[in-house]
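Quick look at start_19.csv (CSV, C-alpha atoms):
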chain,number,residue,atom,x,y,z
A,183,MET,CA,25.6,-2.3,5.3
A,184,SER,CA,23.9,-5.5,6.4
A,185,LEU,CA,20.2,-5.4,6.3
A,186,THR,CA,18.2,-5.4,9.5
A,187,PHE,CA,15.0,-7.3,9.9
A,188,HIS,CA,12.4,-6.8,12.6
A,189,TRP,CA,9.3,-8.9,13.3
A,190,PHE,CA,5.9,-7.9,14.9
A,191,LEU,CA,4.2,-8.6,18.2
A,192,PRO,CA,0.4,-8.8,17.6
A,193,THR,CA,-0.7,-7.2,20.8
A,194,ASN,CA,-4.3,-7.0,19.4
A,195,GLY,CA,-4.4,-10.8,19.0
A,196,ASP,CA,-3.4,-13.3,16.3
A,197,SER,CA,-5.1,-15.7,14.0
A,198,ARG,CA,-4.8,-17.8,10.8
A,199,HIS,CA,-6.9,-15.0,9.3
A,200,VAL,CA,-6.1,-11.3,9.0
A,201,VAL,CA,-6.7,-9.4,12.3
A,202,GLY,CA,-8.0,-5.9,11.7
A,203,GLY,CA,-7.5,-2.8,13.7
A,204,GLY,CA,-5.6,0.5,13.5
A,205,HIS,CA,-6.7,3.9,12.1
A,206,GLY,CA,-10.2,3.5,13.3
A,207,ALA,CA,-10.7,0.0,11.8
A,208,PRO,CA,-12.3,-2.5,14.2
A,209,GLY,CA,-10.1,-5.2,15.6
A,210,GLY,CA,-12.4,-8.1,14.5
A,211,ALA,CA,-13.2,-11.4,16.2
A,212,ALA,CA,-10.3,-13.2,14.6
A,213,GLY,CA,-8.0,-11.5,17.1
A,214,GLN,CA,-9.5,-13.7,19.8
A,215,ASP,CA,-8.4,-16.9,18.1
A,216,ARG,CA,-5.0,-16.4,19.8
A,217,PRO,CA,-5.4,-13.8,22.6
A,218,PRO,CA,-2.3,-11.6,23.1
A,219,THR,CA,-1.1,-13.2,26.3
A,220,VAL,CA,2.4,-12.7,27.6
A,221,ALA,CA,3.0,-16.4,27.1
A,222,TYR,CA,2.0,-16.3,23.4
A,223,LEU,CA,3.7,-13.1,22.6
A,224,SER,CA,6.9,-14.4,24.3
A,225,GLN,CA,6.7,-17.5,22.1
A,226,ILE,CA,6.7,-15.3,19.0
A,227,ALA,CA,9.5,-13.1,20.4
A,228,ARG,CA,11.7,-16.1,21.2
A,229,ALA,CA,11.1,-17.5,17.7
A,230,ALA,CA,12.0,-14.2,16.1
A,231,GLU,CA,15.1,-13.9,18.2
A,232,ASP,CA,16.3,-17.4,17.3
A,233,LEU,CA,15.6,-16.9,13.6
A,234,GLY,CA,17.7,-13.7,13.5
A,235,PHE,CA,15.3,-10.8,13.6
A,236,ALA,CA,16.9,-7.9,15.4
A,237,GLY,CA,13.8,-6.5,17.0
A,238,ALA,CA,10.0,-6.7,17.2
A,239,LEU,CA,7.5,-3.8,16.6
A,240,THR,CA,4.6,-3.4,19.0
A,241,PRO,CA,1.7,-1.2,17.9
A,242,THR,CA,-0.1,1.5,19.9
A,243,GLY,CA,-3.7,2.5,20.2
A,244,ALA,CA,-7.0,1.7,21.8
A,245,TRP,CA,-7.3,-1.4,19.7
A,246,CYS,CA,-4.3,-3.2,21.3
A,247,GLU,CA,-2.5,-3.8,24.6
A,248,ASP,CA,-0.2,-1.1,25.9
A,249,ALA,CA,3.2,-1.4,24.2
A,250,TRP,CA,5.4,-0.3,27.1
A,251,LEU,CA,4.0,-2.7,29.7
A,252,THR,CA,3.7,-5.6,27.3
A,253,THR,CA,7.3,-5.4,26.0
A,254,ALA,CA,8.6,-4.9,29.5
A,255,MET,CA,7.1,-8.2,30.4
A,256,VAL,CA,8.0,-10.0,27.2
A,257,SER,CA,11.6,-8.8,27.5
A,258,ARG,CA,12.1,-11.0,30.5
A,259,HIS,CA,11.6,-14.1,28.3
A,260,THR,CA,14.2,-13.1,25.6
A,261,GLU,CA,17.9,-12.3,25.7
A,262,ARG,CA,18.9,-10.3,22.6
A,263,LEU,CA,15.7,-9.2,20.8
A,264,LYS,CA,15.1,-5.5,20.8
A,265,PHE,CA,11.6,-4.0,21.2
A,266,LEU,CA,10.5,-1.3,18.8
A,267,VAL,CA,7.9,0.3,21.1
A,268,ALA,CA,5.3,2.4,19.5
A,269,PHE,CA,4.1,5.3,21.6
A,270,ARG,CA,2.2,8.6,21.2
A,271,PRO,CA,4.0,11.6,22.6
A,272,GLY,CA,0.8,13.5,23.4
A,273,PHE,CA,-0.2,11.1,26.1
A,274,VAL,CA,2.8,11.4,28.5
A,275,SER,CA,5.1,14.2,29.6
A,276,PRO,CA,8.4,14.3,27.7
A,277,THR,CA,10.5,14.2,30.9
A,278,LEU,CA,8.6,11.1,32.2
A,279,ALA,CA,9.0,9.4,28.7
A,280,ALA,CA,12.7,10.1,28.7
A,281,GLN,CA,12.9,8.6,32.2
A,282,MET,CA,10.8,5.5,31.2
A,283,ALA,CA,13.1,4.9,28.3
A,284,ALA,CA,16.2,5.1,30.5
A,285,THR,CA,14.7,2.7,32.9
A,286,PHE,CA,13.7,0.3,30.1
A,287,GLN,CA,17.3,0.4,28.8
A,288,ARG,CA,18.8,-0.4,32.2
A,289,HIS,CA,16.4,-3.3,33.0
A,290,SER,CA,16.4,-4.8,29.5
A,291,GLY,CA,20.1,-4.5,28.8
A,292,GLY,CA,19.7,-1.7,26.2
A,293,ARG,CA,17.1,-3.3,24.1
A,294,LEU,CA,14.6,-0.4,23.5
A,295,LEU,CA,13.9,1.3,20.2
A,296,LEU,CA,11.2,3.9,20.0
A,297,ASN,CA,8.6,4.2,17.2
A,298,VAL,CA,7.1,7.7,17.7
A,299,VAL,CA,3.5,7.7,16.5
A,300,THR,CA,2.0,11.2,16.5
A,301,GLY,CA,-1.6,9.9,15.9
A,302,GLY,CA,-3.6,10.3,12.7
A,303,GLU,CA,-7.1,10.0,14.1
A,304,SER,CA,-8.6,13.0,16.0
A,305,GLN,CA,-11.5,10.9,17.3
A,306,GLU,CA,-9.2,8.4,19.0
A,307,GLN,CA,-6.9,11.2,20.3
A,308,ARG,CA,-9.9,12.9,21.9
A,309,ALA,CA,-10.7,9.7,23.7
A,310,TYR,CA,-7.4,10.1,25.5
A,311,GLY,CA,-7.9,13.7,26.2
A,312,ASP,CA,-5.9,15.1,23.3
A,313,PHE,CA,-7.9,17.8,21.4
A,314,LEU,CA,-5.2,19.2,19.1
A,315,GLY,CA,-5.6,19.1,15.3
A,316,LYS,CA,-3.3,16.9,13.2
A,317,ASP,CA,-0.7,19.5,12.2
A,318,ASP,CA,-0.4,20.8,15.8
A,319,ARG,CA,0.0,17.2,17.0
A,320,TYR,CA,3.1,16.9,14.8
A,321,ARG,CA,4.4,20.3,16.0
A,322,ARG,CA,4.0,19.1,19.5
A,323,THR,CA,5.9,15.9,18.6
A,324,GLY,CA,8.8,18.1,17.5
A,325,GLU,CA,8.9,19.9,20.8
A,326,PHE,CA,8.6,16.6,22.6
A,327,LEU,CA,11.6,15.1,20.8
A,328,GLU,CA,13.6,18.2,21.3
A,329,ILE,CA,13.1,17.9,25.1
A,330,VAL,CA,13.7,14.1,25.2
A,331,ARG,CA,16.8,14.2,23.1
A,332,GLY,CA,18.2,17.0,25.3
A,333,LEU,CA,17.5,15.0,28.4
A,334,TRP,CA,19.1,11.9,26.9
A,335,ALA,CA,22.2,14.0,26.1
A,336,GLY,CA,22.6,14.8,29.8
A,337,ARG,CA,21.5,18.5,29.5
A,338,THR,CA,19.3,20.4,31.9
A,339,VAL,CA,16.4,21.3,29.6
A,340,GLY,CA,14.1,24.3,29.7
A,341,LEU,CA,11.6,24.8,26.8
A,342,SER,CA,8.6,27.0,26.5
A,343,GLY,CA,7.0,26.0,23.3
A,344,ALA,CA,3.6,26.4,21.7
A,345,HIS,CA,2.4,23.1,23.2
A,346,LEU,CA,4.9,21.9,25.8
A,347,ARG,CA,6.7,23.6,28.6
A,348,VAL,CA,9.4,22.3,31.0
A,349,GLU,CA,11.7,24.0,33.4
A,350,ASP,CA,15.0,22.7,34.8
A,351,ALA,CA,14.3,19.2,33.5
A,352,ARG,CA,17.1,16.7,34.0
A,353,LEU,CA,17.6,12.9,34.2
A,354,VAL,CA,19.5,11.5,37.1
A,355,ARG,CA,20.5,8.4,35.1
A,356,LEU,CA,20.9,8.5,31.4
A,357,PRO,CA,19.9,5.7,29.0
A,358,ASP,CA,22.7,3.5,27.7
A,359,PRO,CA,22.6,3.3,24.8
A,360,VAL,CA,20.4,6.2,23.8
A,361,PRO,CA,17.3,4.6,22.1
A,362,GLU,CA,17.1,5.2,18.4
A,363,VAL,CA,14.0,7.0,17.2
A,364,TYR,CA,11.9,5.6,14.4
A,365,PHE,CA,9.3,7.9,12.8
A,366,GLY,CA,6.9,7.8,9.9
A,367,GLY,CA,4.5,10.2,8.2
A,368,SER,CA,3.6,11.3,4.7
A,369,SER,CA,2.3,14.8,5.3
A,370,PRO,CA,4.5,17.9,4.8
A,371,VAL,CA,4.7,18.7,8.5
A,372,ALA,CA,5.5,15.0,9.3
A,373,GLY,CA,8.3,15.1,6.9
A,374,GLU,CA,9.8,18.1,8.5
A,375,ILE,CA,9.6,16.6,12.0
A,376,ALA,CA,11.2,13.3,10.7
A,377,ALA,CA,14.0,15.2,9.1
A,378,ARG,CA,14.9,17.1,12.3
A,379,HIS,CA,14.5,14.3,14.9
A,380,ALA,CA,14.4,10.8,13.5
A,381,ASP,CA,17.2,8.2,13.2
A,382,VAL,CA,15.1,6.0,11.0
A,383,TYR,CA,12.3,7.1,8.7
A,384,LEU,CA,9.7,4.4,8.3
A,385,THR,CA,7.3,4.1,5.4
A,386,TRP,CA,4.5,1.6,4.7
A,387,GLY,CA,4.9,-0.8,1.9
A,388,GLU,CA,4.1,1.3,-1.2
A,389,PRO,CA,5.4,0.3,-4.7
A,390,PRO,CA,9.1,0.9,-5.2
A,391,ALA,CA,8.6,4.1,-7.3
A,392,GLN,CA,6.5,5.7,-4.6
A,393,VAL,CA,9.0,4.6,-1.9
A,394,ALA,CA,11.9,6.1,-3.9
A,395,GLY,CA,10.0,9.4,-4.0
A,396,LYS,CA,9.6,9.4,-0.2
A,397,ILE,CA,13.2,8.6,0.4
A,398,ALA,CA,14.3,11.5,-1.9
A,399,TRP,CA,11.9,13.8,-0.2
A,400,ILE,CA,13.1,13.0,3.4
A,401,ARG,CA,16.8,13.0,2.4
A,402,ASP,CA,16.4,16.5,1.0
A,403,LEU,CA,14.7,17.8,4.1
A,404,ALA,CA,17.2,16.1,6.4
A,405,ALA,CA,20.1,17.6,4.4
A,406,ARG,CA,18.8,21.1,5.0
A,407,HIS,CA,19.3,20.4,8.7
A,408,GLY,CA,22.7,18.9,8.2
A,409,ARG,CA,21.4,15.4,9.0
A,410,THR,CA,21.3,11.9,7.4
A,411,LEU,CA,18.7,9.3,8.2
A,412,ARG,CA,18.4,5.6,7.6
A,413,PHE,CA,15.2,4.2,6.0
A,414,GLY,CA,12.9,1.3,6.8
A,415,ILE,CA,9.7,-0.2,5.4
A,416,ARG,CA,6.8,-1.9,7.1
A,417,LEU,CA,5.4,-4.9,5.2
A,418,HIS,CA,3.5,-8.1,5.7
A,419,VAL,CA,4.9,-11.2,4.1
A,420,ILE,CA,3.7,-14.5,2.7
A,421,ALA,CA,6.8,-16.5,1.7
A,422,ARG,CA,6.6,-20.2,0.7
A,423,ASP,CA,8.7,-22.8,-1.1
A,424,THR,CA,6.9,-22.0,-4.3
A,425,ALA,CA,5.1,-19.0,-5.7
A,426,GLU,CA,1.9,-21.1,-6.2
A,427,SER,CA,1.8,-22.0,-2.5
A,428,ALA,CA,2.3,-18.4,-1.5
A,429,TRP,CA,-0.5,-17.1,-3.7
A,430,ALA,CA,-2.7,-19.9,-2.6
A,431,GLU,CA,-2.3,-18.6,1.0
A,432,ALA,CA,-3.0,-15.0,-0.1
A,433,HIS,CA,-6.2,-16.1,-1.9
A,434,ARG,CA,-7.2,-18.1,1.2
A,435,LEU,CA,-6.9,-15.0,3.3
A,436,LEU,CA,-8.8,-13.0,0.8
A,437,ALA,CA,-11.6,-15.5,0.7
A,438,GLY,CA,-12.1,-15.0,4.4
A,439,PHE,CA,-12.9,-11.3,4.0
A,440,ASP,CA,-16.6,-10.9,4.5
A,441,PRO,CA,-17.9,-8.3,1.9
A,442,GLU,CA,-19.8,-6.3,4.6
A,443,THR,CA,-16.7,-6.2,6.8
A,444,VAL,CA,-14.7,-4.9,3.9
A,445,ARG,CA,-17.3,-2.2,3.2
A,446,SER,CA,-17.4,-1.2,6.8
A,447,VAL,CA,-13.7,-1.1,7.3
A,448,GLN,CA,-13.1,0.9,4.1
A,449,ALA,CA,-15.8,3.4,5.0
A,450,GLY,CA,-14.1,3.9,8.4
A,451,LEU,CA,-10.6,4.2,6.9
A,452,ALA,CA,-11.9,6.7,4.3
A,453,ARG,CA,-12.5,9.1,7.2
A,454,SER,CA,-8.9,8.9,8.4
A,455,GLU,CA,-6.9,12.1,8.6
A,456,SER,CA,-3.7,10.2,7.9
A,457,GLU,CA,-2.0,10.9,4.6
A,458,GLY,CA,-0.2,7.6,4.8
A,459,GLN,CA,-3.6,5.8,5.2
A,460,ARG,CA,-5.0,7.7,2.2
A,461,ARG,CA,-2.0,6.4,0.1
A,462,MET,CA,-2.7,2.9,1.3
A,463,LEU,CA,-6.3,3.1,0.3
A,464,ALA,CA,-5.4,4.4,-3.1
A,465,LEU,CA,-3.4,1.2,-3.8
A,466,HIS,CA,-6.5,-1.0,-3.9
A,467,GLY,CA,-9.5,1.3,-4.1
A,468,GLY,CA,-11.6,-1.0,-1.9
A,469,GLY,CA,-11.9,-3.6,-4.6
A,470,ARG,CA,-10.7,-7.2,-4.8
A,471,ASP,CA,-9.3,-7.0,-8.4
A,472,GLY,CA,-5.9,-5.9,-9.4
A,473,LEU,CA,-4.4,-6.4,-5.9
A,474,GLU,CA,-0.9,-7.3,-7.1
A,475,ILE,CA,0.2,-3.7,-7.5
A,476,HIS,CA,3.8,-4.5,-8.3
A,477,PRO,CA,5.4,-7.9,-8.8
A,478,ASN,CA,4.9,-9.8,-5.5
A,479,LEU,CA,3.4,-6.8,-3.8
A,480,TRP,CA,-0.2,-7.5,-2.7
A,481,ALA,CA,-2.5,-4.9,-1.4
A,482,GLY,CA,-5.2,-7.3,-0.1
A,483,ILE,CA,-4.4,-6.9,3.6
A,484,GLY,CA,-5.4,-3.3,3.5
A,485,LEU,CA,-9.0,-4.2,2.7
A,486,VAL,CA,-9.6,-5.2,6.3
A,487,ARG,CA,-6.7,-3.6,8.3
A,488,GLY,CA,-5.7,-0.1,8.9
A,489,GLY,CA,-2.1,1.1,8.7
A,490,ALA,CA,0.3,-1.2,6.9
A,491,GLY,CA,-1.8,-2.9,4.2
A,492,THR,CA,0.5,-4.6,1.7
A,493,ALA,CA,2.3,-7.9,1.7
A,494,LEU,CA,5.3,-9.4,-0.1
A,495,VAL,CA,3.9,-12.6,-1.6
A,496,GLY,CA,5.9,-15.2,-3.5
A,497,SER,CA,8.5,-17.9,-3.3
A,498,HIS,CA,11.4,-17.4,-0.9
A,499,ARG,CA,13.6,-16.3,-3.8
A,500,GLU,CA,11.0,-13.9,-5.2
A,501,VAL,CA,10.5,-12.3,-1.8
A,502,ALA,CA,14.3,-12.0,-1.4
A,503,GLU,CA,14.4,-10.3,-4.9
A,504,ARG,CA,11.8,-7.7,-3.8
A,505,ILE,CA,13.7,-7.0,-0.6
A,506,ARG,CA,16.8,-6.4,-2.8
A,507,GLU,CA,14.8,-4.1,-5.0
A,508,TYR,CA,13.7,-2.0,-2.0
A,509,HIS,CA,17.3,-2.1,-0.6
A,510,ALA,CA,18.6,-0.7,-3.9
A,511,LEU,CA,16.4,2.4,-3.3
A,512,GLY,CA,18.0,3.0,0.2
A,513,ILE,CA,15.9,0.8,2.5
A,514,ASP,CA,18.1,-0.9,5.1
A,515,GLU,CA,15.5,-2.0,7.7
A,516,PHE,CA,12.5,-4.2,7.1
A,517,VAL,CA,9.7,-4.5,9.7
A,518,LEU,CA,7.8,-7.7,8.7
A,519,SER,CA,4.7,-9.6,9.9
A,520,GLY,CA,2.3,-12.3,8.8
A,521,TYR,CA,-0.8,-14.3,9.9
A,522,PRO,CA,-0.3,-16.1,12.2
A,523,HIS,CA,2.8,-14.4,13.4
A,524,LEU,CA,4.4,-17.4,15.0
A,525,GLU,CA,4.3,-19.6,11.9
A,526,GLU,CA,5.1,-16.9,9.4
A,527,ALA,CA,8.2,-15.9,11.3
A,528,TYR,CA,9.6,-19.3,10.5
A,529,TRP,CA,8.6,-19.2,6.9
A,530,SER,CA,10.5,-15.9,6.4
A,531,GLY,CA,13.3,-16.6,8.9
A,532,GLU,CA,14.1,-20.1,7.5
A,533,GLY,CA,13.3,-19.5,3.9
A,534,VAL,CA,14.1,-15.9,3.0
A,535,LEU,CA,16.9,-14.7,5.4
A,536,PRO,CA,19.3,-17.5,4.4
A,537,LEU,CA,19.1,-16.5,0.8
A,538,LEU,CA,20.1,-12.9,1.7
A,539,ALA,CA,22.8,-14.2,4.0
A,540,ALA,CA,24.3,-16.2,1.1
A,541,GLU,CA,24.6,-13.0,-0.9
A,542,GLY,CA,26.2,-11.1,2.0
A,543,LEU,CA,23.2,-8.9,2.5
A,544,TRP,CA,22.3,-10.1,6.0
A,545,ARG,CA,23.9,-12.0,8.9
A,546,HIS,CA,22.4,-13.4,12.0
A,547,PRO,CA,22.8,-10.9,14.9
A,548,ALA,CA,24.0,-13.7,17.1
A,549,GLY,CA,26.7,-14.5,14.6
A,550,ALA,CA,25.5,-18.1,14.2
A,551,ARG,CA,25.2,-19.7,10.8
A,552,ARG,CA,21.6,-20.8,10.3
A,553,GLY,CA,20.4,-23.2,7.6
A,554,GLY,CA,16.9,-23.3,6.2
A,555,PRO,CA,14.8,-24.7,3.4
A,556,VAL,CA,16.3,-22.7,0.6
A,557,GLU,CA,14.6,-23.5,-2.6
A,558,ALA,CA,16.4,-24.5,-5.9
A,559,PRO,CA,17.2,-21.7,-8.3
A,560,ALA,CA,14.5,-23.0,-10.7
A,561,ALA,CA,11.6,-22.4,-8.3
A,562,SER,CA,9.2,-19.8,-9.6

Output the file's structure in the form of structure tokens.
Amino acid sequence: MSLTFHWFLPTNGDSRHVVGGGHGAPGGAAGQDRPPTVAYLSQIARAAEDLGFAGALTPTGAWCEDAWLTTAMVSRHTERLKFLVAFRPGFVSPTLAAQMAATFQRHSGGRLLLNVVTGGESQEQRAYGDFLGKDDRYRRTGEFLEIVRGLWAGRTVGLSGAHLRVEDARLVRLPDPVPEVYFGGSSPVAGEIAARHADVYLTWGEPPAQVAGKIAWIRDLAARHGRTLRFGIRLHVIARDTAESAWAEAHRLLAGFDPETVRSVQAGLARSESEGQRRMLALHGGGRDGLEIHPNLWAGIGLVRGGAGTALVGSHREVAERIREYHALGIDEFVLSGYPHLEEAYWSGEGVLPLLAAEGLWRHPAGARRGGPVEAPAAS
């Protein structure tokens, strides 16, 4: 199977420095260096499309722009790129969400993917009027996806669950194609919901041994339901012509982390209810030493950013090697990002993807052969 690569739309703003936000972490002033205008986000999206990324993830939460509205606008400035829209099922009725997805598919030419985010922070959920506890939020997500998938299949749906109730729900026009559902979560109840409803299980960028354990866990759960899933991973990336240049950029970013900001962000993230966030924090422990937790896997981003907190750092060839390592475990989709997102899309798209294409592991979705500054084999 050819690998699939997605990029990221920074709807909380972009910068040459790390922009915080997510899981209760403050967004930070750096996000205003490049405000998330439709014009700028469309520039990133067009670059990602041209370089061969299949889709672009947009986040969800109070710290960023609304993903549905933003991607609907940006989609008008692209032709092929899909949009992996993150949304929280507790904030909208399942019938309306199914209808919105069908509308998006018609108007975009079938370019919607859905990243279902249950919500790991009760404080933020309550700000939106959602007062369920974490486990119940996941159970509600299961009911939500049961309704939505039934509607997408053309059925008339009635469900009276513990959290959601619909009667005689039906879509007049079905989505074509049916959007694929991406889903992540590290707690036991999250794993069960993923096994029953997800098409792609997403994990944050943990070291390969931990990722292998997650894949085995979800595969076993899905098999009990007679299902098979694909697997994806969410990572930042700093790829350069040489390893020295890549690590110099990582060190530049690290030097820009104000110690008080790190302490404040880490204190906030320590209160997170998310099991995935807890696992991210354990990778660096809040300190600046020992941040290379696996060859070319750097945990520095997580010092000032919630959610995905690790980056692949190295020469183009080294980054390609790490991608192959994750692929060998069962990862077929990679959701990448970097600061700033426009420039880093080119570093990865022109430096890393051609190496994988030369090995038959990836091909440009448009079928075009793209060149790029592929380094000599001797590069470190």

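Note that the spacing between CA of Arg322 (chain A) and CA of Arg416 (chain A) amounts to 24.5 Å.
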
Atomic separation - CA of His509 (chain A) relative to CA of Ile375 (chain A), Å: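 Distance reported for this atom pair: 23.8 Å.
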
Within 9 Å of Asp248 (chain A) using only C-alpha atoms, minus same-chain residues under 6 positions, as a PyMOL selection string: chain A and resi 193+240-242+269

Surrounding residues of Ser304 (chain A) excluding itself and chain neighbours under 4 positions, 8 Å, only C-alpha atoms, as an NGL selection string: :A and (308 or 313-316 or 455)

Residues within 7 Å of (4.0, -2.5, 5.3), counting only C-alpha atoms, listed as JSON, numbers by chain: {"A": [386, 387, 415, 416, 417, 418, 490, 491, 492, 493]}

Of the listed residues A:Leu479, A:Ile505, A:Ala548, A:Val339, that which approaches Arg352 (chain A) most closely, counting all atoms listed in the file: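 Nearest to Arg352 (chain A): A:Val339.
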
Residue contacts of Ala421 (chain A) (9 Å, all atoms listed in the file) excluding same-chain residues fewer than 5 positions away, as a list in words: Ser427, Ala428, Leu494, Val495, Gly496, Ser497, His498, Arg499, Glu500, Val501, Glu526, Trp529, Ser530, Gly533 and Val534 of chain A

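Going from CA of Gly336 (chain A) to CA of Arg258 (chain A) covers 27.9 Å.
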
Hey, what's within 9 Å of Ser197 (chain A) if we count only C-alpha atoms and toss same-chain stuff fewer than 4 positions away? As a compact mmCIF listing (two decimals) with C-alpha atoms, in the frame of the given file, please?
# COMPACT_ATOMS: atom_id res chain seq x y z
CA VAL A 201 -6.70 -9.40 12.30
CA ALA A 212 -10.30 -13.20 14.60
CA GLY A 213 -8.00 -11.50 17.10
CA GLN A 214 -9.50 -13.70 19.80
CA ASP A 215 -8.40 -16.90 18.10
CA ARG A 216 -5.00 -16.40 19.80
CA PRO A 217 -5.40 -13.80 22.60
CA TYR A 521 -0.80 -14.30 9.90
CA PRO A 522 -0.30 -16.10 12.20
CA HIS A 523 2.80 -14.40 13.40

8 Å contact set for Phe273 (chain A), all atoms listed in the file, chain neighbours under 2 positions out, as number ranges by chain: A: 270-271, 275, 310, 312

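Between Arg487 (chain A) and the candidates A:Gly202, A:Gly195, A:Leu524, A:Ala221, the tightest atom-to-atom separation, counting all atoms listed in the file, involves A:Gly202.
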
Among listed residues A:Asp318, A:Trp480, A:Asp514, A:Glu303, nearest Ser454 (chain A) (using all atoms listed in the file): A:Glu303

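Nearest to Ala432 (chain A) of all the residues A:Gly302, A:Pro477, A:Gly414, A:Gly520 is A:Gly520, based on all atoms listed in the file.
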
Selected residue, from A:Trp544, A:Trp250, A:Tyr528, A:Trp334, that lies nearest to Pro361 (chain A) when counting all atoms listed in the file: A:Trp334

Residue with smallest distance to Leu223 (chain A) - pool A:Phe190, A:Phe286, A:Phe235, A:Trp245, counting all atoms listed in the file: A:Phe190
